[in-house]
file input_29.txt (compact mmCIF, C-alpha atoms)
# COMPACT_ATOMS: atom_id res chain seq x y z
CA MET A 29 -36.99 -6.35 -6.66
CA LYS A 30 -37.45 -8.26 -3.42
CA GLY A 31 -37.61 -11.48 -5.43
CA LEU A 32 -34.30 -10.67 -7.14
CA ILE A 33 -32.61 -10.02 -3.80
CA LEU A 34 -33.93 -13.29 -2.38
CA ASN A 35 -32.77 -15.15 -5.48
CA ASN A 36 -29.31 -13.62 -5.06
CA PHE A 37 -29.25 -14.67 -1.43
CA TYR A 38 -30.42 -18.23 -2.04
CA SER A 39 -27.79 -18.76 -4.75
CA VAL A 40 -25.01 -18.37 -2.16
CA GLU A 41 -26.93 -19.22 1.04
CA LYS A 42 -24.80 -22.22 2.02
CA SER A 43 -21.56 -20.31 1.49
CA ILE A 44 -22.84 -17.41 3.59
CA LYS A 45 -23.79 -19.69 6.49
CA SER A 46 -20.39 -21.40 6.39
CA SER A 47 -18.62 -18.03 6.38
CA ILE A 48 -20.68 -16.77 9.31
CA LEU A 49 -19.70 -19.81 11.37
CA LEU A 50 -16.06 -19.49 10.32
CA THR A 51 -16.10 -15.77 11.13
CA VAL A 52 -17.48 -16.32 14.63
CA VAL A 53 -14.89 -19.01 15.36
CA ILE A 54 -11.91 -17.02 14.02
CA VAL A 55 -12.89 -13.69 15.59
CA THR A 56 -13.66 -15.32 18.94
CA PHE A 57 -10.30 -17.12 18.90
CA MET A 58 -8.49 -13.87 18.03
CA ILE A 59 -10.21 -12.01 20.85
CA LEU A 60 -9.46 -14.77 23.35
CA SER A 61 -5.79 -14.60 22.37
CA GLN A 62 -5.79 -10.96 23.56
CA HIS A 63 -2.89 -10.26 21.20
CA SER A 64 -2.99 -6.67 19.96
CA LEU A 65 -2.43 -7.58 16.30
CA ALA A 66 -5.03 -10.37 16.46
CA LEU A 67 -7.57 -7.99 17.99
CA ARG A 68 -7.04 -5.51 15.17
CA LEU A 69 -7.32 -8.19 12.49
CA ALA A 70 -10.50 -9.44 14.15
CA ALA A 71 -12.19 -6.19 13.14
CA PHE A 72 -11.43 -6.89 9.47
CA ILE A 73 -11.98 -10.66 9.17
CA PRO A 74 -15.81 -10.53 8.92
CA PHE A 75 -15.59 -8.17 5.94
CA ALA A 76 -13.03 -10.39 4.24
CA LEU A 77 -15.22 -13.50 4.61
CA ILE A 78 -18.88 -12.49 4.37
CA PRO A 79 -19.59 -9.62 1.90
CA VAL A 80 -17.36 -11.22 -0.77
CA HIS A 81 -20.12 -13.79 -1.40
CA ALA A 82 -22.02 -11.01 -3.16
CA PHE A 83 -19.40 -11.27 -5.92
CA GLU A 84 -20.05 -15.01 -6.11
CA VAL A 85 -23.64 -14.19 -7.07
CA LEU A 86 -22.36 -12.77 -10.37
CA LYS A 87 -20.48 -16.00 -11.08
CA GLN A 88 -23.48 -18.14 -10.21
CA ASP A 89 -25.68 -16.06 -12.52
CA SER A 90 -23.22 -16.55 -15.37
CA ARG A 91 -22.87 -20.32 -14.83
CA SER A 92 -26.62 -20.91 -14.66
CA GLY A 93 -27.51 -18.54 -17.48
CA TRP A 94 -29.66 -16.50 -15.09
CA ASN A 95 -27.86 -13.30 -16.16
CA ARG A 96 -29.40 -13.71 -19.60
CA TYR A 97 -32.83 -14.78 -18.39
CA GLU A 98 -33.27 -11.92 -15.92
CA LEU A 99 -32.91 -9.43 -18.78
CA THR A 100 -36.18 -10.80 -20.17
CA LEU A 101 -38.04 -10.05 -16.94
CA PRO A 102 -40.44 -7.07 -16.92
CA LEU A 103 -38.02 -5.04 -14.81
CA HIS A 104 -35.85 -2.05 -15.55
CA ARG A 105 -32.18 -2.93 -15.72
CA HIS A 106 -31.30 -0.54 -12.93
CA LYS A 107 -33.44 -2.63 -10.55
CA ILE A 108 -31.66 -5.82 -11.59
CA LEU A 109 -28.29 -4.15 -11.06
CA LEU A 110 -29.43 -2.56 -7.81
CA SER A 111 -30.35 -6.00 -6.45
CA LYS A 112 -26.71 -7.09 -6.92
CA TYR A 113 -25.48 -4.08 -4.95
CA VAL A 114 -28.16 -4.50 -2.28
CA ILE A 115 -27.10 -8.08 -1.54
CA PHE A 116 -23.55 -6.80 -1.03
CA ILE A 117 -24.77 -4.06 1.32
CA LEU A 118 -26.84 -6.57 3.32
CA LEU A 119 -23.88 -8.92 3.69
CA PHE A 120 -21.69 -5.93 4.55
CA LEU A 121 -24.10 -4.95 7.33
CA LEU A 122 -24.22 -8.56 8.50
CA GLY A 123 -20.44 -8.55 8.83
CA LEU A 124 -20.62 -5.28 10.77
CA PHE A 125 -23.32 -6.70 13.05
CA ILE A 126 -21.35 -9.86 13.82
CA THR A 127 -18.16 -7.91 14.51
CA THR A 128 -19.93 -5.43 16.79
CA VAL A 129 -21.78 -8.11 18.76
CA ILE A 130 -18.66 -10.21 19.37
CA PHE A 131 -16.60 -7.20 20.44
CA LEU A 132 -19.37 -5.92 22.72
CA LEU A 133 -19.64 -9.36 24.34
CA ALA A 134 -15.88 -9.37 24.83
CA ASP A 135 -16.13 -5.88 26.30
CA ALA A 136 -18.84 -7.05 28.73
CA PHE A 137 -17.37 -10.37 29.88
CA MET A 138 -13.62 -9.93 29.44
CA THR A 139 -10.99 -7.34 30.29
CA ILE A 140 -10.86 -6.18 26.67
CA THR A 141 -12.19 -2.69 26.08
CA PHE A 142 -13.95 -1.71 22.85
CA THR A 143 -11.70 1.32 22.35
CA GLN A 144 -11.28 3.85 19.55
CA VAL A 145 -8.36 1.80 18.21
CA TYR A 146 -10.70 -1.05 17.26
CA VAL A 147 -13.26 1.39 15.86
CA ASN A 148 -10.48 2.74 13.64
CA TYR A 149 -9.63 -0.72 12.35
CA LEU A 150 -13.31 -1.45 11.87
CA LEU A 151 -13.66 1.64 9.67
CA ARG A 152 -10.55 0.69 7.72
CA GLY A 153 -11.78 -2.85 7.20
CA MET A 154 -15.12 -1.55 5.94
CA GLY A 155 -13.34 0.92 3.69
CA LEU A 156 -11.14 -1.77 2.15
CA ILE A 157 -14.03 -4.09 1.25
CA LEU A 158 -16.06 -1.17 -0.14
CA CYS A 159 -13.15 -0.22 -2.40
CA ILE A 160 -12.84 -3.84 -3.53
CA ALA A 161 -16.56 -3.90 -4.37
CA ALA A 162 -16.33 -0.53 -6.10
CA LEU A 163 -14.01 -1.97 -8.74
CA THR A 164 -15.23 -5.58 -8.79
CA TYR A 165 -18.74 -4.81 -10.03
CA PRO A 166 -17.98 -2.58 -13.03
CA LEU A 167 -15.02 -4.73 -14.09
CA THR A 168 -17.11 -7.90 -13.88
CA TYR A 169 -19.83 -6.40 -16.07
CA LEU A 170 -17.20 -5.11 -18.47
CA LEU A 171 -14.89 -8.14 -18.70
CA GLY A 172 -17.14 -11.00 -17.60
CA THR A 173 -16.82 -13.53 -14.79
CA GLU A 174 -14.23 -15.47 -16.80
CA LYS A 175 -11.73 -12.79 -15.76
CA SER A 176 -12.63 -13.09 -12.07
CA ASP A 177 -9.07 -13.84 -10.92
CA PHE A 178 -7.71 -10.81 -12.76
CA ILE A 179 -10.57 -8.67 -11.45
CA GLN A 180 -9.91 -9.83 -7.89
CA ILE A 181 -6.23 -8.90 -8.12
CA CYS A 182 -7.06 -5.49 -9.59
CA SER A 183 -9.71 -4.81 -6.95
CA ILE A 184 -7.44 -5.71 -4.04
CA GLY A 185 -4.67 -3.61 -5.56
CA PHE A 186 -7.05 -0.68 -6.00
CA SER A 187 -8.26 -1.00 -2.42
CA LEU A 188 -4.76 -1.05 -0.95
CA GLY A 189 -3.71 1.72 -3.32
CA MET A 190 -6.52 4.01 -2.17
CA PHE A 191 -5.65 3.18 1.43
CA GLY A 192 -2.08 4.34 0.82
CA ILE A 193 -3.09 7.41 -1.20
CA VAL A 194 -5.53 8.70 1.42
CA PHE A 195 -2.95 8.09 4.15
CA ALA A 196 -0.21 9.88 2.19
CA MET A 197 -2.44 12.84 1.31
CA LEU A 198 -3.57 13.37 4.89
CA THR A 199 0.00 13.06 6.15
CA TRP A 200 1.12 15.65 3.59
CA ILE A 201 -1.77 18.03 4.33
CA MET A 202 -1.92 17.90 8.13
CA GLY A 203 1.05 15.86 9.37
CA LYS A 204 0.86 13.43 12.29
CA VAL A 205 -1.35 15.55 14.54
CA ASP A 206 -3.28 14.34 17.57
CA GLY A 207 -6.23 12.26 16.47
CA PHE A 208 -4.65 11.51 13.08
CA ASP A 209 -5.65 7.82 13.20
CA GLU A 210 -9.30 8.70 13.76
CA ILE A 211 -9.26 11.33 11.00
CA PHE A 212 -7.60 8.92 8.57
CA SER A 213 -10.01 6.07 9.36
CA ILE A 214 -13.08 8.27 8.88
CA SER A 215 -11.63 9.87 5.74
CA PHE A 216 -10.75 6.55 4.12
CA PHE A 217 -14.17 5.10 4.92
CA SER A 218 -15.84 8.21 3.48
CA VAL A 219 -13.77 8.02 0.28
CA ALA A 220 -14.65 4.32 -0.03
CA ILE A 221 -18.38 5.12 0.21
CA ILE A 222 -18.02 7.73 -2.55
CA PHE A 223 -16.23 5.24 -4.80
CA PHE A 224 -18.91 2.63 -4.11
CA ILE A 225 -21.64 5.06 -5.19
CA ILE A 226 -19.68 6.03 -8.31
CA SER A 227 -19.20 2.32 -8.99
CA TYR A 228 -22.96 1.82 -9.23
CA ALA A 229 -23.26 4.61 -11.79
CA ILE A 230 -20.43 3.17 -13.91
CA SER A 231 -21.81 -0.37 -13.64
CA TYR A 232 -25.21 0.84 -14.80
CA ILE A 233 -23.71 2.53 -17.87
CA ILE A 234 -21.99 -0.75 -18.75
CA TYR A 235 -24.90 -3.01 -17.82
CA ARG A 236 -27.60 -1.18 -19.76
CA LYS A 237 -25.63 -1.86 -22.96
CA LYS A 238 -25.07 -5.55 -22.23
CA ASP A 239 -26.79 -8.03 -24.50
CA TYR A 240 -24.68 -11.11 -23.63
call {"tool": "encode", "arguments": {"input": "input_29.txt", "output": "structure tokens"}}
result
Amino acid sequence: MKGLILNNFYSVEKSIKSSILLTVVIVTFMILSQHSLALRLAAFIPFALIPVHAFEVLKQDSRSGWNRYELTLPLHRHKILLSKYVIFILLFLLGLFITTVIFLLADAFMTITFTQVYVNYLLRGMGLILCIAALTYPLTYLLGTEKSDFIQICSIGFSLGMFGIVFAMLTWIMGKVDGFDEIFSISFFSVAIIFFIISYAISYIIYRKKDY
């Protein structure tokens, strides 16, 4: 499966490198601005720019015909599918690493403090992109990459919808108590992880029946 993961990476390598550079520039600029809104957005930007290239892998596979060829390889389909999810997770962790390093450097050399507020926004940013991925993968295998624009809209809508639902449910259950922001951020991130895991199971059910 290592070969599949490397193939996935190489298919979008240039785009990933460009996004990393763009992420560093944008996040650094936002931190230097020391504007509260910019600092909060800086925690989300890496996840909006880097992990999304994992979805581009599916498009590249379709354009090149690799999605048909890889089915002929002596590998179980769950390993092929897992390699698509693994590349997302790796890019997700890369985004987290870049965000953490930049904020820690800012914390060390500037007057900005890496407070719980930014941790909250970090968790929310991670939760949003996980929700987007949770719907993007099964819908792509179900509808095909030709519907990528529709899938993207649905995935973003689902992500924002879950954000609002979790917030509303927690507000209804416990009200605006002390530490509500932390509880909400952790809860939303946890829900997003659950949806991401469920997404893999659904994608596998769809993918194992695909014959293209």
call {"tool": "closest_residue", "arguments": {"input": "input_29.txt", "among": "A:Leu77, A:Leu34, A:Ile54, A:Leu69", "to": "A:Lys112", "atoms": "only C-alpha atoms"}}
result
A:Leu34
call {"tool": "closest_residue", "arguments": {"input": "input_29.txt", "among": "A:Ala76, A:Ile211, A:Leu50, A:Met202", "to": "A:Asn148", "atoms": "only C-alpha atoms"}}
result
A:Ile211
call {"tool": "closest_residue", "arguments": {"input": "input_29.txt", "among": "A:Val219, A:Ile115, A:Leu65, A:Met58", "to": "A:Ile44", "atoms": "only C-alpha atoms"}}
result
A:Ile115
call {"tool": "closest_residue", "arguments": {"input": "input_29.txt", "among": "A:Cys182, A:Ile214, A:Ile33, A:Met190", "to": "A:Ile117", "atoms": "only C-alpha atoms"}}
result
A:Ile33
call {"tool": "residues_around", "arguments": {"input": "input_29.txt", "residues": "A:His106", "least_positions_apart": "4", "cutoff": "8 Å", "atoms": "only C-alpha atoms", "output": "ChimeraX atom specification"}}
result
/A:110,232,236
call {"tool": "atom_distance", "arguments": {"input": "input_29.txt", "atom1": "atom CA of A:Leu124", "atom2": "atom CA of A:Ala82"}}
result
15.1 Å
call {"tool": "atom_distance", "arguments": {"input": "input_29.txt", "atom1": "atom CA of A:Val55", "atom2": "atom CA of A:Ser187"}}
result
22.5 Å
call {"tool": "closest_residue", "arguments": {"input": "input_29.txt", "among": "A:Leu198, A:Ile233, A:Ile222, A:Ala70", "to": "A:Phe131", "atoms": "all atoms listed in the file"}}
result
A:Ala70
call {"tool": "closest_residue", "arguments": {"input": "input_29.txt", "among": "A:Ser227, A:Thr199, A:Ser43, A:Ser61", "to": "A:Val85", "atoms": "all atoms listed in the file"}}
result
A:Ser43
call {"tool": "atom_distance", "arguments": {"input": "input_29.txt", "atom1": "atom CA of A:Phe120", "atom2": "atom CA of A:Ser64"}}
result
24.2 Å
call {"tool": "decode", "arguments": {"input": "input_29.txt", "residues": "stretch 54-184 of chain A", "atoms": "C-alpha atoms", "output": "PDB file, in the first residue's frame"}}
result
ATOM      1  CA  ILE A  54      -0.785  33.909   4.414  1.00  0.00           C
ATOM      2  CA  VAL A  55      -0.631  32.630   7.999  1.00  0.00           C
ATOM      3  CA  THR A  56       2.544  34.603   8.731  1.00  0.00           C
ATOM      4  CA  PHE A  57       0.971  37.767   7.321  1.00  0.00           C
ATOM      5  CA  MET A  58      -2.183  37.215   9.398  1.00  0.00           C
ATOM      6  CA  ILE A  59      -0.170  36.712  12.567  1.00  0.00           C
ATOM      7  CA  LEU A  60       1.951  39.794  11.906  1.00  0.00           C
ATOM      8  CA  SER A  61      -1.232  41.837  11.491  1.00  0.00           C
ATOM      9  CA  GLN A  62      -2.110  40.924  15.104  1.00  0.00           C
ATOM     10  CA  HIS A  63      -5.781  41.431  14.270  1.00  0.00           C
ATOM     11  CA  SER A  64      -7.982  39.154  16.371  1.00  0.00           C
ATOM     12  CA  LEU A  65     -10.094  37.954  13.424  1.00  0.00           C
ATOM     13  CA  ALA A  66      -6.999  37.358  11.277  1.00  0.00           C
ATOM     14  CA  LEU A  67      -5.378  35.341  14.059  1.00  0.00           C
ATOM     15  CA  ARG A  68      -8.450  33.132  14.322  1.00  0.00           C
ATOM     16  CA  LEU A  69      -8.654  32.613  10.564  1.00  0.00           C
ATOM     17  CA  ALA A  70      -4.952  31.756  10.536  1.00  0.00           C
ATOM     18  CA  ALA A  71      -5.770  28.596  12.481  1.00  0.00           C
ATOM     19  CA  PHE A  72      -8.120  27.452   9.706  1.00  0.00           C
ATOM     20  CA  ILE A  73      -6.282  28.505   6.522  1.00  0.00           C
ATOM     21  CA  PRO A  74      -3.836  25.544   6.429  1.00  0.00           C
ATOM     22  CA  PHE A  75      -6.733  23.069   6.489  1.00  0.00           C
ATOM     23  CA  ALA A  76      -8.533  24.949   3.731  1.00  0.00           C
ATOM     24  CA  LEU A  77      -5.466  24.897   1.452  1.00  0.00           C
ATOM     25  CA  ILE A  78      -3.500  21.692   2.066  1.00  0.00           C
ATOM     26  CA  PRO A  79      -5.682  18.610   2.831  1.00  0.00           C
ATOM     27  CA  VAL A  80      -8.076  19.445  -0.031  1.00  0.00           C
ATOM     28  CA  HIS A  81      -5.426  18.214  -2.490  1.00  0.00           C
ATOM     29  CA  ALA A  82      -6.325  14.702  -1.376  1.00  0.00           C
ATOM     30  CA  PHE A  83      -9.621  15.196  -3.224  1.00  0.00           C
ATOM     31  CA  GLU A  84      -7.678  16.225  -6.320  1.00  0.00           C
ATOM     32  CA  VAL A  85      -6.101  12.756  -6.298  1.00  0.00           C
ATOM     33  CA  LEU A  86      -9.501  11.282  -7.155  1.00  0.00           C
ATOM     34  CA  LYS A  87      -9.828  13.640 -10.131  1.00  0.00           C
ATOM     35  CA  GLN A  88      -6.322  12.857 -11.344  1.00  0.00           C
ATOM     36  CA  ASP A  89      -7.040   9.128 -11.116  1.00  0.00           C
ATOM     37  CA  SER A  90     -10.174   9.558 -13.206  1.00  0.00           C
ATOM     38  CA  ARG A  91      -8.483  11.718 -15.867  1.00  0.00           C
ATOM     39  CA  SER A  92      -5.532   9.364 -16.287  1.00  0.00           C
ATOM     40  CA  GLY A  93      -7.569   6.166 -16.127  1.00  0.00           C
ATOM     41  CA  TRP A  94      -5.586   5.044 -13.084  1.00  0.00           C
ATOM     42  CA  ASN A  95      -8.822   4.391 -11.166  1.00  0.00           C
ATOM     43  CA  ARG A  96      -9.574   1.576 -13.605  1.00  0.00           C
ATOM     44  CA  TYR A  97      -6.039   0.223 -13.762  1.00  0.00           C
ATOM     45  CA  GLU A  98      -5.538   0.023  -9.998  1.00  0.00           C
ATOM     46  CA  LEU A  99      -8.518  -2.335  -9.755  1.00  0.00           C
ATOM     47  CA  THR A 100      -6.467  -4.874 -11.728  1.00  0.00           C
ATOM     48  CA  LEU A 101      -3.625  -4.771  -9.196  1.00  0.00           C
ATOM     49  CA  PRO A 102      -3.245  -7.769  -6.847  1.00  0.00           C
ATOM     50  CA  LEU A 103      -4.571  -5.741  -3.928  1.00  0.00           C
ATOM     51  CA  HIS A 104      -7.784  -5.860  -1.970  1.00  0.00           C
ATOM     52  CA  ARG A 105     -10.048  -2.927  -2.720  1.00  0.00           C
ATOM     53  CA  HIS A 106     -10.069  -1.795   0.881  1.00  0.00           C
ATOM     54  CA  LYS A 107      -6.311  -1.146   0.638  1.00  0.00           C
ATOM     55  CA  ILE A 108      -6.774   0.933  -2.503  1.00  0.00           C
ATOM     56  CA  LEU A 109      -9.518   2.934  -0.807  1.00  0.00           C
ATOM     57  CA  LEU A 110      -7.531   3.205   2.412  1.00  0.00           C
ATOM     58  CA  SER A 111      -4.621   4.747   0.492  1.00  0.00           C
ATOM     59  CA  LYS A 112      -6.947   7.587  -0.606  1.00  0.00           C
ATOM     60  CA  TYR A 113      -7.951   8.257   2.990  1.00  0.00           C
ATOM     61  CA  VAL A 114      -4.373   7.961   4.247  1.00  0.00           C
ATOM     62  CA  ILE A 115      -3.131  10.661   1.865  1.00  0.00           C
ATOM     63  CA  PHE A 116      -5.846  12.949   3.244  1.00  0.00           C
ATOM     64  CA  ILE A 117      -4.822  12.171   6.829  1.00  0.00           C
ATOM     65  CA  LEU A 118      -1.153  12.839   6.021  1.00  0.00           C
ATOM     66  CA  LEU A 119      -1.972  16.191   4.417  1.00  0.00           C
ATOM     67  CA  PHE A 120      -4.280  16.954   7.341  1.00  0.00           C
ATOM     68  CA  LEU A 121      -1.423  16.304   9.782  1.00  0.00           C
ATOM     69  CA  LEU A 122       0.894  18.405   7.616  1.00  0.00           C
ATOM     70  CA  GLY A 123      -1.543  21.308   7.878  1.00  0.00           C
ATOM     71  CA  LEU A 124      -1.698  20.833  11.647  1.00  0.00           C
ATOM     72  CA  PHE A 125       2.100  20.735  11.878  1.00  0.00           C
ATOM     73  CA  ILE A 126       2.548  23.928   9.856  1.00  0.00           C
ATOM     74  CA  THR A 127      -0.101  25.766  11.872  1.00  0.00           C
ATOM     75  CA  THR A 128       1.375  24.667  15.195  1.00  0.00           C
ATOM     76  CA  VAL A 129       4.955  25.555  14.239  1.00  0.00           C
ATOM     77  CA  ILE A 130       4.046  29.034  12.983  1.00  0.00           C
ATOM     78  CA  PHE A 131       1.949  29.817  16.057  1.00  0.00           C
ATOM     79  CA  LEU A 132       4.632  28.514  18.422  1.00  0.00           C
ATOM     80  CA  LEU A 133       7.236  30.668  16.666  1.00  0.00           C
ATOM     81  CA  ALA A 134       4.921  33.651  17.005  1.00  0.00           C
ATOM     82  CA  ASP A 135       4.445  32.782  20.667  1.00  0.00           C
ATOM     83  CA  ALA A 136       8.225  32.646  21.179  1.00  0.00           C
ATOM     84  CA  PHE A 137       9.310  35.754  19.259  1.00  0.00           C
ATOM     85  CA  MET A 138       6.267  38.031  19.393  1.00  0.00           C
ATOM     86  CA  THR A 139       3.826  39.285  22.003  1.00  0.00           C
ATOM     87  CA  ILE A 140       1.147  36.912  20.721  1.00  0.00           C
ATOM     88  CA  THR A 141       0.217  34.137  23.124  1.00  0.00           C
ATOM     89  CA  PHE A 142      -0.857  30.694  21.913  1.00  0.00           C
ATOM     90  CA  THR A 143      -4.014  30.749  24.042  1.00  0.00           C
ATOM     91  CA  GLN A 144      -7.011  28.439  24.358  1.00  0.00           C
ATOM     92  CA  VAL A 145      -8.925  30.693  21.955  1.00  0.00           C
ATOM     93  CA  TYR A 146      -6.634  29.711  19.085  1.00  0.00           C
ATOM     94  CA  VAL A 147      -6.721  26.063  20.140  1.00  0.00           C
ATOM     95  CA  ASN A 148     -10.510  26.277  19.900  1.00  0.00           C
ATOM     96  CA  TYR A 149     -10.353  27.678  16.383  1.00  0.00           C
ATOM     97  CA  LEU A 150      -7.770  25.067  15.461  1.00  0.00           C
ATOM     98  CA  LEU A 151     -10.134  22.293  16.575  1.00  0.00           C
ATOM     99  CA  ARG A 152     -13.002  23.891  14.677  1.00  0.00           C
ATOM    100  CA  GLY A 153     -10.928  24.227  11.528  1.00  0.00           C
ATOM    101  CA  MET A 154      -9.912  20.582  11.754  1.00  0.00           C
ATOM    102  CA  GLY A 155     -13.512  19.577  12.377  1.00  0.00           C
ATOM    103  CA  LEU A 156     -14.763  21.485   9.330  1.00  0.00           C
ATOM    104  CA  ILE A 157     -12.287  19.904   6.903  1.00  0.00           C
ATOM    105  CA  LEU A 158     -12.939  16.432   8.354  1.00  0.00           C
ATOM    106  CA  CYS A 159     -16.672  16.898   7.776  1.00  0.00           C
ATOM    107  CA  ILE A 160     -15.982  18.049   4.221  1.00  0.00           C
ATOM    108  CA  ALA A 161     -13.869  14.943   3.609  1.00  0.00           C
ATOM    109  CA  ALA A 162     -16.480  12.715   5.244  1.00  0.00           C
ATOM    110  CA  LEU A 163     -18.995  13.573   2.525  1.00  0.00           C
ATOM    111  CA  THR A 164     -16.626  14.209  -0.386  1.00  0.00           C
ATOM    112  CA  TYR A 165     -15.241  10.674  -0.580  1.00  0.00           C
ATOM    113  CA  PRO A 166     -18.470   8.638  -0.622  1.00  0.00           C
ATOM    114  CA  LEU A 167     -20.211  11.117  -2.936  1.00  0.00           C
ATOM    115  CA  THR A 168     -17.273  11.078  -5.352  1.00  0.00           C
ATOM    116  CA  TYR A 169     -17.302   7.288  -5.526  1.00  0.00           C
ATOM    117  CA  LEU A 170     -21.069   7.324  -5.920  1.00  0.00           C
ATOM    118  CA  LEU A 171     -21.498  10.161  -8.435  1.00  0.00           C
ATOM    119  CA  GLY A 172     -18.071  10.358 -10.071  1.00  0.00           C
ATOM    120  CA  THR A 173     -15.573  13.199 -10.372  1.00  0.00           C
ATOM    121  CA  GLU A 174     -17.694  14.808 -13.100  1.00  0.00           C
ATOM    122  CA  LYS A 175     -19.981  16.028 -10.304  1.00  0.00           C
ATOM    123  CA  SER A 176     -17.089  17.513  -8.316  1.00  0.00           C
ATOM    124  CA  ASP A 177     -18.558  21.031  -8.160  1.00  0.00           C
ATOM    125  CA  PHE A 178     -21.879  19.717  -6.852  1.00  0.00           C
ATOM    126  CA  ILE A 179     -20.061  17.449  -4.395  1.00  0.00           C
ATOM    127  CA  GLN A 180     -17.956  20.356  -3.151  1.00  0.00           C
ATOM    128  CA  ILE A 181     -21.033  22.491  -2.503  1.00  0.00           C
ATOM    129  CA  CYS A 182     -22.783  19.631  -0.696  1.00  0.00           C
ATOM    130  CA  SER A 183     -19.705  18.866   1.410  1.00  0.00           C
ATOM    131  CA  ILE A 184     -19.213  22.474   2.492  1.00  0.00           C
TER     132      ILE A 184
END
